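Text of the file protein_4.pdb, holding PDB, N, CA and C atoms:
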```
ATOM      1  N   MET R   1     -12.642 -14.757  20.930
ATOM      2  CA  MET R   1     -13.238 -13.461  20.701
ATOM      3  C   MET R   1     -12.942 -12.962  19.285
ATOM      4  N   LEU R   2     -11.709 -13.100  18.829
ATOM      5  CA  LEU R   2     -11.362 -12.623  17.487
ATOM      6  C   LEU R   2     -12.060 -13.418  16.394
ATOM      7  N   ARG R   3     -12.480 -14.634  16.730
ATOM      8  CA  ARG R   3     -13.133 -15.478  15.729
ATOM      9  C   ARG R   3     -14.430 -14.842  15.237
ATOM     10  N   ARG R   4     -15.101 -14.082  16.108
ATOM     11  CA  ARG R   4     -16.379 -13.454  15.742
ATOM     12  C   ARG R   4     -16.199 -12.101  15.052
ATOM     13  N   TRP R   5     -14.992 -11.571  15.064
ATOM     14  CA  TRP R   5     -14.758 -10.260  14.456
ATOM     15  C   TRP R   5     -14.924 -10.328  12.951
ATOM     16  N   ARG R   6     -15.491  -9.272  12.417
ATOM     17  CA  ARG R   6     -15.578  -9.113  10.973
ATOM     18  C   ARG R   6     -14.526  -8.078  10.570
ATOM     19  N   ALA R   7     -14.415  -7.817   9.306
ATOM     20  CA  ALA R   7     -13.404  -6.875   8.818
ATOM     21  C   ALA R   7     -13.617  -5.475   9.396
ATOM     22  N   LYS R   8     -14.872  -5.056   9.582
ATOM     23  CA  LYS R   8     -15.121  -3.716  10.124
ATOM     24  C   LYS R   8     -14.642  -3.604  11.566
ATOM     25  N   HIS R   9     -14.721  -4.689  12.345
ATOM     26  CA  HIS R   9     -14.208  -4.667  13.713
ATOM     27  C   HIS R   9     -12.688  -4.517  13.716
ATOM     28  N   LEU R  10     -12.035  -5.208  12.797
ATOM     29  CA  LEU R  10     -10.584  -5.121  12.673
ATOM     30  C   LEU R  10     -10.160  -3.699  12.294
ATOM     31  N   LEU R  11     -10.843  -3.113  11.331
ATOM     32  CA  LEU R  11     -10.534  -1.746  10.916
ATOM     33  C   LEU R  11     -10.755  -0.759  12.062
ATOM     34  N   LEU R  12     -11.832  -0.927  12.810
ATOM     35  CA  LEU R  12     -12.095  -0.065  13.958
ATOM     36  C   LEU R  12     -10.996  -0.208  15.015
ATOM     37  N   ALA R  13     -10.539  -1.423  15.255
ATOM     38  CA  ALA R  13      -9.451  -1.639  16.214
ATOM     39  C   ALA R  13      -8.180  -0.927  15.752
ATOM     40  N   TRP R  14      -7.898  -0.956  14.455
ATOM     41  CA  TRP R  14      -6.725  -0.257  13.927
ATOM     42  C   TRP R  14      -6.838   1.245  14.149
ATOM     43  N   VAL R  15      -8.007   1.814  13.856
ATOM     44  CA  VAL R  15      -8.206   3.256  14.016
ATOM     45  C   VAL R  15      -8.049   3.662  15.478
ATOM     46  N   VAL R  16      -8.633   2.879  16.383
ATOM     47  CA  VAL R  16      -8.494   3.166  17.815
ATOM     48  C   VAL R  16      -7.027   3.097  18.219
ATOM     49  N   TYR R  17      -6.300   2.104  17.728
ATOM     50  CA  TYR R  17      -4.871   1.991  18.038
ATOM     51  C   TYR R  17      -4.103   3.214  17.541
ATOM     52  N   TRP R  18      -4.359   3.632  16.297
ATOM     53  CA  TRP R  18      -3.621   4.761  15.742
ATOM     54  C   TRP R  18      -3.925   6.062  16.481
ATOM     55  N   VAL R  19      -5.169   6.272  16.860
ATOM     56  CA  VAL R  19      -5.526   7.476  17.618
ATOM     57  C   VAL R  19      -4.841   7.454  18.985
ATOM     58  N   ALA R  20      -4.865   6.301  19.655
ATOM     59  CA  ALA R  20      -4.198   6.182  20.959
ATOM     60  C   ALA R  20      -2.694   6.360  20.822
ATOM     61  N   LEU R  21      -2.108   5.814  19.768
ATOM     62  CA  LEU R  21      -0.674   5.960  19.535
ATOM     63  C   LEU R  21      -0.292   7.425  19.358
ATOM     64  N   LEU R  22      -1.063   8.153  18.557
ATOM     65  CA  LEU R  22      -0.779   9.575  18.362
ATOM     66  C   LEU R  22      -0.964  10.363  19.651
ATOM     67  N   ALA R  23      -1.991  10.036  20.424
ATOM     68  CA  ALA R  23      -2.232  10.744  21.684
ATOM     69  C   ALA R  23      -1.099  10.509  22.675
ATOM     70  N   VAL R  24      -0.609   9.276  22.764
ATOM     71  CA  VAL R  24       0.480   8.963  23.691
ATOM     72  C   VAL R  24       1.799   9.560  23.199
ATOM     73  N   ALA R  25       2.064   9.427  21.902
ATOM     74  CA  ALA R  25       3.341   9.892  21.362
ATOM     75  C   ALA R  25       3.451  11.413  21.369
ATOM     76  N   LEU R  26       2.335  12.096  21.192
ATOM     77  CA  LEU R  26       2.378  13.548  21.053
ATOM     78  C   LEU R  26       1.732  14.285  22.224
ATOM     79  N   HIS R  27       1.539  13.619  23.355
ATOM     80  CA  HIS R  27       0.830  14.262  24.463
ATOM     81  C   HIS R  27       1.518  15.538  24.932
ATOM     82  N   SER R  28       2.840  15.560  24.954
ATOM     83  CA  SER R  28       3.524  16.769  25.405
ATOM     84  C   SER R  28       3.536  17.866  24.338
ATOM     85  N   ALA R  29       3.386  17.477  23.081
ATOM     86  CA  ALA R  29       3.405  18.463  22.003
ATOM     87  C   ALA R  29       2.029  19.077  21.761
ATOM     88  N   LEU R  30       0.977  18.396  22.183
ATOM     89  CA  LEU R  30      -0.367  18.884  21.877
ATOM     90  C   LEU R  30      -0.648  20.250  22.493
ATOM     91  N   ASP R  31      -0.185  20.493  23.705
ATOM     92  CA  ASP R  31      -0.415  21.778  24.361
ATOM     93  C   ASP R  31       0.296  22.910  23.611
ATOM     94  N   VAL R  32       1.563  22.697  23.296
ATOM     95  CA  VAL R  32       2.321  23.725  22.566
ATOM     96  C   VAL R  32       1.752  23.911  21.160
ATOM     97  N   ALA R  33       1.351  22.826  20.510
ATOM     98  CA  ALA R  33       0.786  22.926  19.158
ATOM     99  C   ALA R  33      -0.541  23.679  19.179
ATOM    100  N   ALA R  34      -1.365  23.443  20.196
ATOM    101  CA  ALA R  34      -2.638  24.158  20.307
ATOM    102  C   ALA R  34      -2.386  25.655  20.497
ATOM    103  N   ARG R  35      -1.392  25.992  21.299
ATOM    104  CA  ARG R  35      -1.050  27.412  21.479
ATOM    105  C   ARG R  35      -0.508  28.017  20.192
ATOM    106  N   ALA R  36       0.287  27.240  19.449
ATOM    107  CA  ALA R  36       0.845  27.745  18.193
ATOM    108  C   ALA R  36      -0.257  27.999  17.174
ATOM    109  N   LEU R  37      -1.245  27.135  17.144
ATOM    110  CA  LEU R  37      -2.337  27.316  16.190
ATOM    111  C   LEU R  37      -3.239  28.482  16.574
ATOM    112  N   ASN R  38      -3.363  28.754  17.872
ATOM    113  CA  ASN R  38      -4.230  29.838  18.337
ATOM    114  C   ASN R  38      -3.483  31.139  18.590
ATOM    115  N   ALA R  39      -2.188  31.157  18.370
ATOM    116  CA  ALA R  39      -1.386  32.359  18.618
ATOM    117  C   ALA R  39      -1.672  33.412  17.545
ATOM    118  N   PRO R  40      -1.460  34.677  17.888
ATOM    119  CA  PRO R  40      -1.610  35.731  16.872
ATOM    120  C   PRO R  40      -0.638  35.506  15.711
ATOM    121  N   GLN R  41      -0.945  36.126  14.596
ATOM    122  CA  GLN R  41      -0.138  35.972  13.389
ATOM    123  C   GLN R  41       1.341  36.214  13.685
ATOM    124  N   GLY R  42       2.184  35.244  13.331
ATOM    125  CA  GLY R  42       3.626  35.385  13.502
ATOM    126  C   GLY R  42       4.133  35.034  14.886
ATOM    127  N   GLN R  43       3.273  34.619  15.791
ATOM    128  CA  GLN R  43       3.692  34.308  17.159
ATOM    129  C   GLN R  43       3.923  32.818  17.399
ATOM    130  N   GLY R  44       3.444  31.952  16.525
ATOM    131  CA  GLY R  44       3.596  30.510  16.722
ATOM    132  C   GLY R  44       3.959  29.817  15.424
ATOM    133  N   SER R  45       4.566  28.647  15.564
ATOM    134  CA  SER R  45       4.932  27.896  14.363
ATOM    135  C   SER R  45       4.963  26.406  14.667
ATOM    136  N   ILE R  46       4.675  25.623  13.642
ATOM    137  CA  ILE R  46       4.759  24.166  13.705
ATOM    138  C   ILE R  46       5.479  23.729  12.438
ATOM    139  N   SER R  47       6.477  22.867  12.602
ATOM    140  CA  SER R  47       7.197  22.386  11.426
ATOM    141  C   SER R  47       7.540  20.913  11.594
ATOM    142  N   ALA R  48       7.624  20.234  10.467
ATOM    143  CA  ALA R  48       8.013  18.828  10.428
ATOM    144  C   ALA R  48       9.060  18.666   9.341
ATOM    145  N   SER R  49      10.068  17.843   9.609
ATOM    146  CA  SER R  49      11.119  17.631   8.625
ATOM    147  C   SER R  49      11.717  16.243   8.794
ATOM    148  N   VAL R  50      12.451  15.825   7.785
ATOM    149  CA  VAL R  50      13.183  14.568   7.815
ATOM    150  C   VAL R  50      14.644  14.906   7.583
ATOM    151  N   ASP R  51      15.495  14.425   8.501
ATOM    152  CA  ASP R  51      16.921  14.720   8.410
ATOM    153  C   ASP R  51      17.703  13.498   8.857
ATOM    154  N   ASN R  52      18.544  12.972   7.988
ATOM    155  CA  ASN R  52      19.426  11.852   8.337
ATOM    156  C   ASN R  52      18.649  10.627   8.822
ATOM    157  N   GLY R  53      17.515  10.349   8.240
ATOM    158  CA  GLY R  53      16.720   9.198   8.635
ATOM    159  C   GLY R  53      15.894   9.401   9.888
ATOM    160  N   ASN R  54      15.798  10.623  10.370
ATOM    161  CA  ASN R  54      15.008  10.935  11.554
ATOM    162  C   ASN R  54      13.865  11.868  11.179
ATOM    163  N   PHE R  55      12.722  11.641  11.788
ATOM    164  CA  PHE R  55      11.573  12.518  11.625
ATOM    165  C   PHE R  55      11.600  13.507  12.777
ATOM    166  N   ILE R  56      11.531  14.792  12.479
ATOM    167  CA  ILE R  56      11.631  15.841  13.492
ATOM    168  C   ILE R  56      10.372  16.695  13.436
ATOM    169  N   LEU R  57       9.738  16.878  14.582
ATOM    170  CA  LEU R  57       8.549  17.711  14.711
ATOM    171  C   LEU R  57       8.849  18.809  15.720
ATOM    172  N   LYS R  58       8.621  20.061  15.317
ATOM    173  CA  LYS R  58       8.870  21.206  16.202
ATOM    174  C   LYS R  58       7.618  22.060  16.289
ATOM    175  N   ALA R  59       7.319  22.505  17.515
ATOM    176  CA  ALA R  59       6.205  23.425  17.736
ATOM    177  C   ALA R  59       6.684  24.512  18.685
ATOM    178  N   ALA R  60       6.374  25.753  18.362
ATOM    179  CA  ALA R  60       6.793  26.877  19.197
ATOM    180  C   ALA R  60       5.661  27.883  19.308
ATOM    181  N   ALA R  61       5.455  28.392  20.532
ATOM    182  CA  ALA R  61       4.440  29.407  20.772
ATOM    183  C   ALA R  61       4.714  30.072  22.108
ATOM    184  N   ASN R  62       4.572  31.394  22.137
ATOM    185  CA  ASN R  62       4.710  32.171  23.370
ATOM    186  C   ASN R  62       6.007  31.862  24.118
ATOM    187  N   GLY R  63       7.088  31.708  23.403
ATOM    188  CA  GLY R  63       8.383  31.458  24.031
ATOM    189  C   GLY R  63       8.632  30.017  24.422
ATOM    190  N   GLN R  64       7.659  29.136  24.264
ATOM    191  CA  GLN R  64       7.845  27.709  24.555
ATOM    192  C   GLN R  64       8.110  26.969  23.258
ATOM    193  N   THR R  65       9.087  26.073  23.302
ATOM    194  CA  THR R  65       9.419  25.263  22.129
ATOM    195  C   THR R  65       9.419  23.798  22.530
ATOM    196  N   TRP R  66       8.795  22.987  21.699
ATOM    197  CA  TRP R  66       8.814  21.542  21.890
ATOM    198  C   TRP R  66       9.408  20.924  20.641
ATOM    199  N   THR R  67      10.345  19.989  20.816
ATOM    200  CA  THR R  67      10.955  19.278  19.700
ATOM    201  C   THR R  67      10.887  17.786  19.967
ATOM    202  N   GLY R  68      10.398  17.050  19.007
ATOM    203  CA  GLY R  68      10.351  15.590  19.100
ATOM    204  C   GLY R  68      11.057  14.973  17.912
ATOM    205  N   THR R  69      11.832  13.915  18.189
ATOM    206  CA  THR R  69      12.593  13.257  17.138
ATOM    207  C   THR R  69      12.457  11.749  17.279
ATOM    208  N   THR R  70      12.286  11.070  16.159
ATOM    209  CA  THR R  70      12.272   9.607  16.139
ATOM    210  C   THR R  70      12.799   9.140  14.792
ATOM    211  N   SER R  71      13.309   7.924  14.760
ATOM    212  CA  SER R  71      13.797   7.398  13.484
ATOM    213  C   SER R  71      12.605   6.978  12.627
ATOM    214  N   ILE R  72      12.797   7.053  11.338
ATOM    215  CA  ILE R  72      11.734   6.669  10.397
ATOM    216  C   ILE R  72      11.389   5.191  10.592
ATOM    217  N   THR R  73      12.402   4.352  10.825
ATOM    218  CA  THR R  73      12.171   2.918  10.998
ATOM    219  C   THR R  73      11.284   2.639  12.198
ATOM    220  N   SER R  74      11.593   3.237  13.338
ATOM    221  CA  SER R  74      10.778   2.975  14.523
ATOM    222  C   SER R  74       9.373   3.545  14.351
ATOM    223  N   MET R  75       9.250   4.671  13.670
ATOM    224  CA  MET R  75       7.934   5.248  13.430
ATOM    225  C   MET R  75       7.084   4.317  12.557
ATOM    226  N   VAL R  76       7.672   3.750  11.521
ATOM    227  CA  VAL R  76       6.949   2.828  10.639
ATOM    228  C   VAL R  76       6.580   1.552  11.391
ATOM    229  N   LEU R  77       7.496   1.040  12.219
ATOM    230  CA  LEU R  77       7.197  -0.175  12.977
ATOM    231  C   LEU R  77       6.085   0.054  13.991
ATOM    232  N   TRP R  78       6.083   1.198  14.677
ATOM    233  CA  TRP R  78       5.000   1.498  15.620
ATOM    234  C   TRP R  78       3.686   1.702  14.884
ATOM    235  N   PHE R  79       3.733   2.260  13.698
ATOM    236  CA  PHE R  79       2.509   2.524  12.933
ATOM    237  C   PHE R  79       1.923   1.242  12.345
ATOM    238  N   ALA R  80       2.766   0.384  11.771
ATOM    239  CA  ALA R  80       2.275  -0.775  11.030
ATOM    240  C   ALA R  80       2.409  -2.099  11.772
ATOM    241  N   GLY R  81       3.338  -2.214  12.701
ATOM    242  CA  GLY R  81       3.614  -3.487  13.363
ATOM    243  C   GLY R  81       2.437  -4.083  14.118
ATOM    244  N   PRO R  82       1.920  -3.420  15.159
ATOM    245  CA  PRO R  82       0.799  -3.999  15.913
ATOM    246  C   PRO R  82      -0.461  -4.253  15.074
ATOM    247  N   PRO R  83      -0.872  -3.342  14.170
ATOM    248  CA  PRO R  83      -2.030  -3.688  13.331
ATOM    249  C   PRO R  83      -1.782  -4.921  12.445
ATOM    250  N   LEU R  84      -0.561  -5.066  11.939
ATOM    251  CA  LEU R  84      -0.241  -6.237  11.127
ATOM    252  C   LEU R  84      -0.305  -7.507  11.972
ATOM    253  N   LEU R  85       0.237  -7.474  13.186
ATOM    254  CA  LEU R  85       0.155  -8.631  14.071
ATOM    255  C   LEU R  85      -1.290  -8.968  14.424
ATOM    256  N   LEU R  86      -2.101  -7.960  14.694
ATOM    257  CA  LEU R  86      -3.513  -8.187  14.987
ATOM    258  C   LEU R  86      -4.209  -8.827  13.789
ATOM    259  N   PHE R  87      -3.895  -8.364  12.591
ATOM    260  CA  PHE R  87      -4.473  -8.945  11.385
ATOM    261  C   PHE R  87      -4.084 -10.409  11.241
ATOM    262  N   LEU R  88      -2.813 -10.739  11.498
ATOM    263  CA  LEU R  88      -2.364 -12.123  11.363
ATOM    264  C   LEU R  88      -3.027 -13.028  12.398
ATOM    265  N   VAL R  89      -3.175 -12.549  13.639
ATOM    266  CA  VAL R  89      -3.861 -13.328  14.671
ATOM    267  C   VAL R  89      -5.330 -13.504  14.300
ATOM    268  N   TRP R  90      -5.950 -12.442  13.803
ATOM    269  CA  TRP R  90      -7.353 -12.512  13.372
ATOM    270  C   TRP R  90      -7.511 -13.518  12.235
ATOM    271  N   LEU R  91      -6.593 -13.471  11.292
ATOM    272  CA  LEU R  91      -6.651 -14.377  10.147
ATOM    273  C   LEU R  91      -6.474 -15.827  10.587
ATOM    274  N   ALA R  92      -5.549 -16.074  11.512
ATOM    275  CA  ALA R  92      -5.299 -17.434  11.990
ATOM    276  C   ALA R  92      -6.459 -17.972  12.822
ATOM    277  N   SER R  93      -7.219 -17.090  13.461
ATOM    278  CA  SER R  93      -8.309 -17.548  14.325
ATOM    279  C   SER R  93      -9.595 -17.848  13.567
ATOM    280  N   ARG R  94      -9.655 -17.447  12.326
ATOM    281  CA  ARG R  94     -10.875 -17.674  11.538
ATOM    282  C   ARG R  94     -10.909 -19.111  11.021
ATOM    283  N   ARG R  95     -12.102 -19.628  10.900
ATOM    284  CA  ARG R  95     -12.272 -20.969  10.352
ATOM    285  C   ARG R  95     -12.314 -20.898   8.828
ATOM    286  N   ALA R  96     -11.861 -21.971   8.223
ATOM    287  CA  ALA R  96     -11.935 -22.052   6.760
ATOM    288  C   ALA R  96     -13.400 -22.234   6.361
ATOM    289  N   PRO R  97     -13.831 -21.602   5.275
ATOM    290  CA  PRO R  97     -15.221 -21.765   4.846
ATOM    291  C   PRO R  97     -15.497 -23.208   4.431
ATOM    292  N   LEU R  98     -16.704 -23.659   4.733
ATOM    293  CA  LEU R  98     -17.087 -25.010   4.335
ATOM    294  C   LEU R  98     -17.349 -25.030   2.840
ATOM    295  N   VAL R  99     -16.757 -25.986   2.184
ATOM    296  CA  VAL R  99     -16.920 -26.118   0.736
ATOM    297  C   VAL R  99     -17.646 -27.431   0.465
ATOM    298  N   GLU R 100     -18.735 -27.323  -0.237
ATOM    299  CA  GLU R 100     -19.476 -28.529  -0.588
ATOM    300  C   GLU R 100     -18.760 -29.240  -1.726
ATOM    301  N   PRO R 101     -18.744 -30.576  -1.681
ATOM    302  CA  PRO R 101     -18.053 -31.313  -2.742
ATOM    303  C   PRO R 101     -18.725 -31.108  -4.097
ATOM    304  N   ASP R 102     -17.927 -30.972  -5.107
ATOM    305  CA  ASP R 102     -18.421 -30.798  -6.474
ATOM    306  C   ASP R 102     -18.204 -32.120  -7.215
ATOM    307  N   PRO R 103     -19.278 -32.816  -7.570
ATOM    308  CA  PRO R 103     -19.107 -34.130  -8.209
ATOM    309  C   PRO R 103     -18.397 -34.055  -9.560
ATOM    310  N   GLU R 104     -18.485 -32.943 -10.248
ATOM    311  CA  GLU R 104     -17.806 -32.830 -11.542
ATOM    312  C   GLU R 104     -16.308 -32.607 -11.375
ATOM    313  N   ARG R 105     -15.930 -31.990 -10.279
ATOM    314  CA  ARG R 105     -14.526 -31.690 -10.080
ATOM    315  C   ARG R 105     -13.852 -32.735  -9.201
ATOM    316  N   ASP R 106     -14.518 -33.199  -8.162
ATOM    317  CA  ASP R 106     -13.960 -34.148  -7.207
ATOM    318  C   ASP R 106     -14.414 -35.564  -7.567
ATOM    319  N   TYR R 107     -13.682 -36.234  -8.382
ATOM    320  CA  TYR R 107     -14.037 -37.589  -8.761
ATOM    321  C   TYR R 107     -12.837 -38.509  -8.479
ATOM    322  N   PRO R 108     -13.106 -39.719  -8.087
ATOM    323  CA  PRO R 108     -11.993 -40.627  -7.794
ATOM    324  C   PRO R 108     -11.271 -41.032  -9.070
ATOM    325  N   ILE R 109      -9.992 -41.209  -8.931
ATOM    326  CA  ILE R 109      -9.181 -41.664 -10.067
ATOM    327  C   ILE R 109      -9.302 -43.179 -10.129
ATOM    328  N   SER R 110      -9.641 -43.696 -11.299
ATOM    329  CA  SER R 110      -9.786 -45.143 -11.399
ATOM    330  C   SER R 110      -8.755 -45.729 -12.336
TER     331      SER R 110
END
```
Can you turn what I pasted into structure tokens?
Amino acid sequence: MLRRWRAKHLLLAWVVYWVALLAVALHSALDVAARALNAPQGQGSISASVDNGNFILKAAANGQTWTGTTSITSMVLWFAGPPLLLFLVWLASRRAPLVEPDPERDYPIS
């Protein structure tokens, strides 16, 4: 199946993966973040920070607070690892292009 994929199919697969990854990773934060964005002025907040090698995301609205923390290393591996593996499998499954012999370049040594 991957043999028939072109570069645009690979890019589309990456985008679908990243959207699904964000939806799964942030599913509990999306509700609080939506409330924070729609809250009256000064009633909600969203913040992101990096502290001690950890990425921290906080969302607060209407008395509810959500905090998520992950290491930068694991975040980078989840973001880049599977797309890189898919690219390598795609690359390995492709056939080498057929090259016609060039009589000026490919000559027997006598």
Selection under test: the PyMOL selection byres ((chain R and resi 59) around 6.5); residues as a ChimeraX atom specification: /R:32-33,45-47,57-58,60-61,64-68
Grab the CA of Asn54 in chain R to atom C of Ile72 in chain R distance for me, in Å with one decimal place.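 It comes out at 6.9 Å.
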Report, in Å to a single decimal, how far apart CA of Leu12 in chain R and CA of Pro83 in chain R are.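 A separation of 10.7 Å between them.
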R:Pro82, R:Ala92, R:Glu100, R:Ala48 ranked by distance to Trp18 in chain R, top pick (using only C-alpha atoms):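 Of R:Pro82, R:Ala92, R:Glu100, R:Ala48, the one nearest Trp18 in chain R, counting only C-alpha atoms, is R:Pro82.
In this model, the gap between CA of Ser93 in chain R and atom C of Arg4 in chain R comes to 9.6 Å.
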Pick from R:Leu84, R:Leu11, R:Leu21, R:Val50, whichever lies nearest to Thr69 in chain R using only C-alpha atoms: R:Val50
May I have all residues of chain R that DSSP, computed from the backbone, assigns to alpha helix (DSSP H), given as JSON, numbers by chain? {"R": [7, 8, 9, 10, 11, 12, 13, 14, 15, 16, 17, 18, 19, 20, 21, 22, 23, 24, 25, 27, 28, 29, 30, 31, 32, 33, 34, 35, 36, 37, 38, 72, 73, 74, 75, 76, 77, 78, 79, 80, 81, 82, 83, 84, 85, 86, 87, 88, 89, 90, 91, 92, 93]}
Evaluate the PyMOL selection byres (((chain R and resi 3 and name CA) around 8) and name CA) and report residues as a list in words: Met1, Leu2, Arg4, Trp5, Trp90, Ser93, Arg94 and Arg95 of chain R
Quick one: axis-aligned box around all listed atoms of range 78-92 of chain R, 3 Å on every side, centre and edge lengths in Å to one decimal, written as JSON.
```
{"center_x": -0.7, "center_y": -7.7, "center_z": 13.0, "size_x": 19.6, "size_y": 26.5, "size_z": 11.8}
```
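Residues of chain R assigned to strand (DSSP E or B) by DSSP on this structure's backbone: Gly44, Ser45, Ile46, Ser47, Ala48, Ser49, Val50, Asp51, Asn54, Phe55, Ile56, Leu57, Lys58, Ala59, Ala60, Ala61, Gln64, Thr65, Trp66, Thr67, Gly68, Thr69, Thr70 and Ser71 of chain R.
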Find the nearest atom pair between each residue of range 17-63 of chain R and range 75-78 of chain R for residues within 12 Å, count only C-alpha atoms, give distances in Å to one decimal, sort rows by chain and ascending number, and present the table as CSV.
```
residue,atom,partner,partner_atom,distance
R:Tyr17,CA,R:Trp78,CA,10.2
R:Trp18,CA,R:Trp78,CA,9.2
R:Ala20,CA,R:Trp78,CA,11.6
R:Leu21,CA,R:Trp78,CA,8.2
R:Leu22,CA,R:Trp78,CA,10.3
R:Val24,CA,R:Trp78,CA,11.9
R:Ala25,CA,R:Met75,CA,10.3
R:Gly53,CA,R:Met75,CA,10.8
R:Asn54,CA,R:Met75,CA,9.3
R:Phe55,CA,R:Met75,CA,8.3
R:Ile56,CA,R:Met75,CA,11.2
```
Determine the nearest neighbour of Asp51 in chain R from the options R:Thr70, R:Leu88, R:Ala39, R:Arg6, counting only C-alpha atoms.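 Result for the nearest residue to Asp51 in chain R: R:Thr70.
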